[in-house]
Amino acid sequence: MSTRDDNRLREQIAVYGKSLFDRGLTMGSSGNISVRLDDGGWLMTPTNACLGRLDPARISRLDRDGRHLDGAKPTKESVLHMAMYGERPQSEAIVHLHSTHSVAVSCLPEVDPCDCIPPLTAYYVMRVGRLPLVPYHMPGDPALGDAVKGLAGKHSAVLLANHGPVVAGKSLEAAVYATEELEETAKLYLLLRGQNPRGLTDEQVAELEARFPRD
Ligand SMILES: O=C(CO)COP(=O)(O)O
Ligand SMILES: [Zn+2]
């Protein structure tokens, strides 16, 4: 049964999904979005759905154990989303995209798997922080859940190798903002590759983390 709060969250998922899709931040039927419900379950975007054309009424609802309750069949990444929530009780929403520059970084052989993108800007530090790389798995592989478990407690965002970012936030808005910041910083990183850019110092990063703690 849908509550008023459910309906507000369904509308929000559709609005943010369309905004992300319309700006080219994910293509075709790629990407997925979820939000946590008060009863411990989740709303998740349906599998093979275009984020630009979501029908709020068809968004999938799952119970706290990940069982599909109603709506269309959920995203094949439901196990990944649930594993991330399991490590992050403070997170209320997760966004996964195939945003081009972030995916490009996820394919580079030289990235540090503990920290894929250096702290180039203050907003990257404030919204994303250190970004670990998750080894390649097929989309929807349930083993992706285990692969993020060791990382998601300490990191609100992870980068799936040769695939894309998965970003948690204390609200859907926060998760979207962080995903956008990650994509723009991935673009900057690629633009500046080979130019020995000056990143923020450890002191500047520590100052930002103290002043603007991430959830
Ligand atoms: O991005 C995707 C898989 O990683 C899209 O999958 P779904 O269509 O099942 O959500
Ligand atoms: Zn994907």
# chains A, B, ... in the order shown; residues from 1 in each chain; ligands from 1
>>> residues_near_ligand(ligand="ligand 2", cutoff="10 Å", atoms="only C-alpha atoms and all ligand atoms", output="short mmCIF file (atom, residue, chain, number, x, y, z; two decimals) with C-alpha atoms, in the first residue's frame")
data_model
loop_
_atom_site.label_atom_id
_atom_site.label_comp_id
_atom_site.auth_asym_id
_atom_site.auth_seq_id
_atom_site.Cartn_x
_atom_site.Cartn_y
_atom_site.Cartn_z
CA THR A 26 23.18 8.44 -18.11
CA SER A 29 18.10 2.40 -19.94
CA SER A 30 21.30 2.59 -17.89
CA GLY A 31 21.47 3.67 -14.27
CA ASN A 32 19.15 3.18 -11.33
CA THR A 75 16.64 -2.99 -11.08
CA LYS A 76 19.09 -5.85 -11.47
CA GLU A 77 21.36 -3.91 -9.10
CA HIS A 96 23.97 4.71 -9.92
CA LEU A 97 24.75 6.14 -13.37
CA HIS A 98 26.82 5.40 -16.45
CA SER A 99 28.03 9.03 -16.53
CA VAL A 103 33.05 5.61 -16.53
CA MET A 138 28.94 -8.13 -14.64
CA PRO A 139 25.99 -5.75 -14.17
CA GLY A 140 23.60 -7.33 -11.69
CA LEU A 160 32.58 0.19 -10.32
CA ASN A 162 34.52 -0.41 -16.37
CA HIS A 163 30.99 0.47 -15.33
CA GLY A 164 30.22 3.62 -13.30
CA PRO A 165 29.62 5.36 -9.96
CA VAL A 166 27.34 4.33 -7.09
#
>>> select_by_dssp(residues="region 17-48 of chain A", states="helix (DSSP H, G or I)", output="ChimeraX atom specification")
/A:17-22
>>> write_last_selection(atoms="N, CA, C and O atoms", output="compact mmCIF listing (two decimals), in the first residue's frame")
# COMPACT_ATOMS: atom_id res chain seq x y z
N GLY A 17 15.37 11.58 -11.93
CA GLY A 17 15.77 10.69 -13.03
C GLY A 17 15.71 11.42 -14.36
O GLY A 17 16.65 11.35 -15.17
N LYS A 18 14.63 12.17 -14.58
CA LYS A 18 14.50 12.91 -15.85
C LYS A 18 15.57 13.99 -15.97
O LYS A 18 16.17 14.17 -17.03
N SER A 19 15.84 14.67 -14.86
CA SER A 19 16.86 15.72 -14.89
C SER A 19 18.22 15.12 -15.24
O SER A 19 18.95 15.66 -16.08
N LEU A 20 18.57 14.01 -14.63
CA LEU A 20 19.87 13.37 -14.91
C LEU A 20 19.93 12.91 -16.37
O LEU A 20 20.93 13.13 -17.07
N PHE A 21 18.86 12.28 -16.82
CA PHE A 21 18.84 11.76 -18.20
C PHE A 21 18.88 12.90 -19.21
O PHE A 21 19.64 12.85 -20.19
N ASP A 22 18.09 13.94 -18.96
CA ASP A 22 18.01 15.05 -19.93
C ASP A 22 19.35 15.77 -20.08
O ASP A 22 19.62 16.37 -21.10
>>> atom_distance(atom1="CA of Gly199 (chain A)", atom2="CA of Val95 (chain A)")
26.6 Å
>>> atom_distance(atom1="CA of His68 (chain A)", atom2="CA of His155 (chain A)")
27.4 Å
>>> residues_around(residues="region 180-190 of chain A", least_positions_apart="3", cutoff="7 Å", atoms="only C-alpha atoms", output="mmCIF file with N, CA and C atoms, in the first residue's frame")
data_model
loop_
_atom_site.group_PDB
_atom_site.id
_atom_site.type_symbol
_atom_site.label_atom_id
_atom_site.label_comp_id
_atom_site.auth_asym_id
_atom_site.auth_seq_id
_atom_site.Cartn_x
_atom_site.Cartn_y
_atom_site.Cartn_z
ATOM 1 N N SER A 99 27.607 7.681 -16.118
ATOM 2 C CA SER A 99 28.029 9.030 -16.527
ATOM 3 C C SER A 99 29.418 8.938 -17.172
ATOM 4 N N HIS A 101 32.265 10.568 -18.063
ATOM 5 C CA HIS A 101 33.627 10.835 -17.577
ATOM 6 C C HIS A 101 33.983 9.956 -16.386
ATOM 7 N N SER A 102 32.996 9.692 -15.541
ATOM 8 C CA SER A 102 33.247 8.782 -14.406
ATOM 9 C C SER A 102 33.545 7.374 -14.934
ATOM 10 N N VAL A 105 37.105 7.245 -16.267
ATOM 11 C CA VAL A 105 38.098 7.091 -15.198
ATOM 12 C C VAL A 105 38.116 5.645 -14.696
ATOM 13 N N ILE A 117 40.231 9.502 -7.882
ATOM 14 C CA ILE A 117 40.339 10.878 -8.396
ATOM 15 C C ILE A 117 40.959 11.741 -7.300
ATOM 16 N N TYR A 124 34.485 18.722 -4.539
ATOM 17 C CA TYR A 124 34.696 17.282 -4.672
ATOM 18 C C TYR A 124 34.972 16.676 -3.289
ATOM 19 N N ARG A 127 31.617 16.793 -1.170
ATOM 20 C CA ARG A 127 30.489 15.938 -1.573
ATOM 21 C C ARG A 127 30.861 14.460 -1.766
ATOM 22 N N VAL A 128 32.127 14.199 -2.133
ATOM 23 C CA VAL A 128 32.498 12.826 -2.501
ATOM 24 C C VAL A 128 33.596 12.273 -1.591
ATOM 25 N N VAL A 176 22.137 12.944 -5.550
ATOM 26 C CA VAL A 176 22.229 13.496 -6.915
ATOM 27 C C VAL A 176 23.328 14.555 -6.981
ATOM 28 N N TYR A 177 23.363 15.452 -6.010
ATOM 29 C CA TYR A 177 24.413 16.496 -6.013
ATOM 30 C C TYR A 177 25.799 15.856 -5.996
ATOM 31 N N ARG A 193 44.780 15.598 -17.238
ATOM 32 C CA ARG A 193 45.728 14.465 -17.241
ATOM 33 C C ARG A 193 46.988 14.841 -18.002
#
>>> residues_around(residues="Pro142 (chain A)", least_positions_apart="6", cutoff="12 Å", atoms="only C-alpha atoms", output="list in words")
Lys76, Glu77, Ser78, Val79, Leu80, His81, Met82, Ala83, Val148 and Lys149 of chain A
>>> closest_residue(among="A:Ala161, A:Ala152, A:Glu92, A:Ser34", to="Pro109 (chain A)", atoms="only C-alpha atoms")
A:Ala161
>>> atom_distance(atom1="CA of Ala147 (chain A)", atom2="CA of Ser106 (chain A)")
15.5 Å
>>> closest_residue(among="A:Arg214, A:Lys73, A:Arg198, A:Lys170", to="ligand 1", atoms="only C-alpha atoms and all ligand atoms")
A:Lys73
>>> closest_residue(among="A:Gly24, A:Asp141, A:Ala49, A:Ala57", to="Gln12 (chain A)", atoms="only C-alpha atoms")
A:Ala57
>>> closest_residue(among="A:Tyr16, A:Tyr85, A:Leu37, A:Leu159", to="ligand 1", atoms="only C-alpha atoms and all ligand atoms")
A:Leu159
>>> closest_residue(among="A:Leu131, A:Leu108, A:Val158, A:Leu144", to="ligand 1", atoms="only C-alpha atoms and all ligand atoms")
A:Leu144
>>> residues_around(residues="Asn7 (chain A)", least_positions_apart="4", cutoff="12 Å", atoms="only C-alpha atoms", output="list in words")
Met1, Ser2, Thr3, Glu11, Gln12, Ile13, Ala14, Val35, Leu37, Leu43, Asp55, Pro56, Ala57, Arg58, Ile59 and Arg61 of chain A
>>> closest_residue(among="A:Gly86, A:Pro113, A:Val15, A:Val125", to="Leu200 (chain A)", atoms="only C-alpha atoms")
A:Val125
>>> select_by_dssp(residues="region 4-196 of chain A", states="strand (DSSP E)", output="ChimeraX atom specification")
/A:32-36,42-44,60-62,68-70,93-96,133-134,157-160,164-169
>>> residues_around(residues="Val167 (chain A)", least_positions_apart="2", cutoff="6 Å", atoms="only C-alpha atoms", output="list in words")
Ile94, Val95, Ser156, Ala157 and Ala175 of chain A
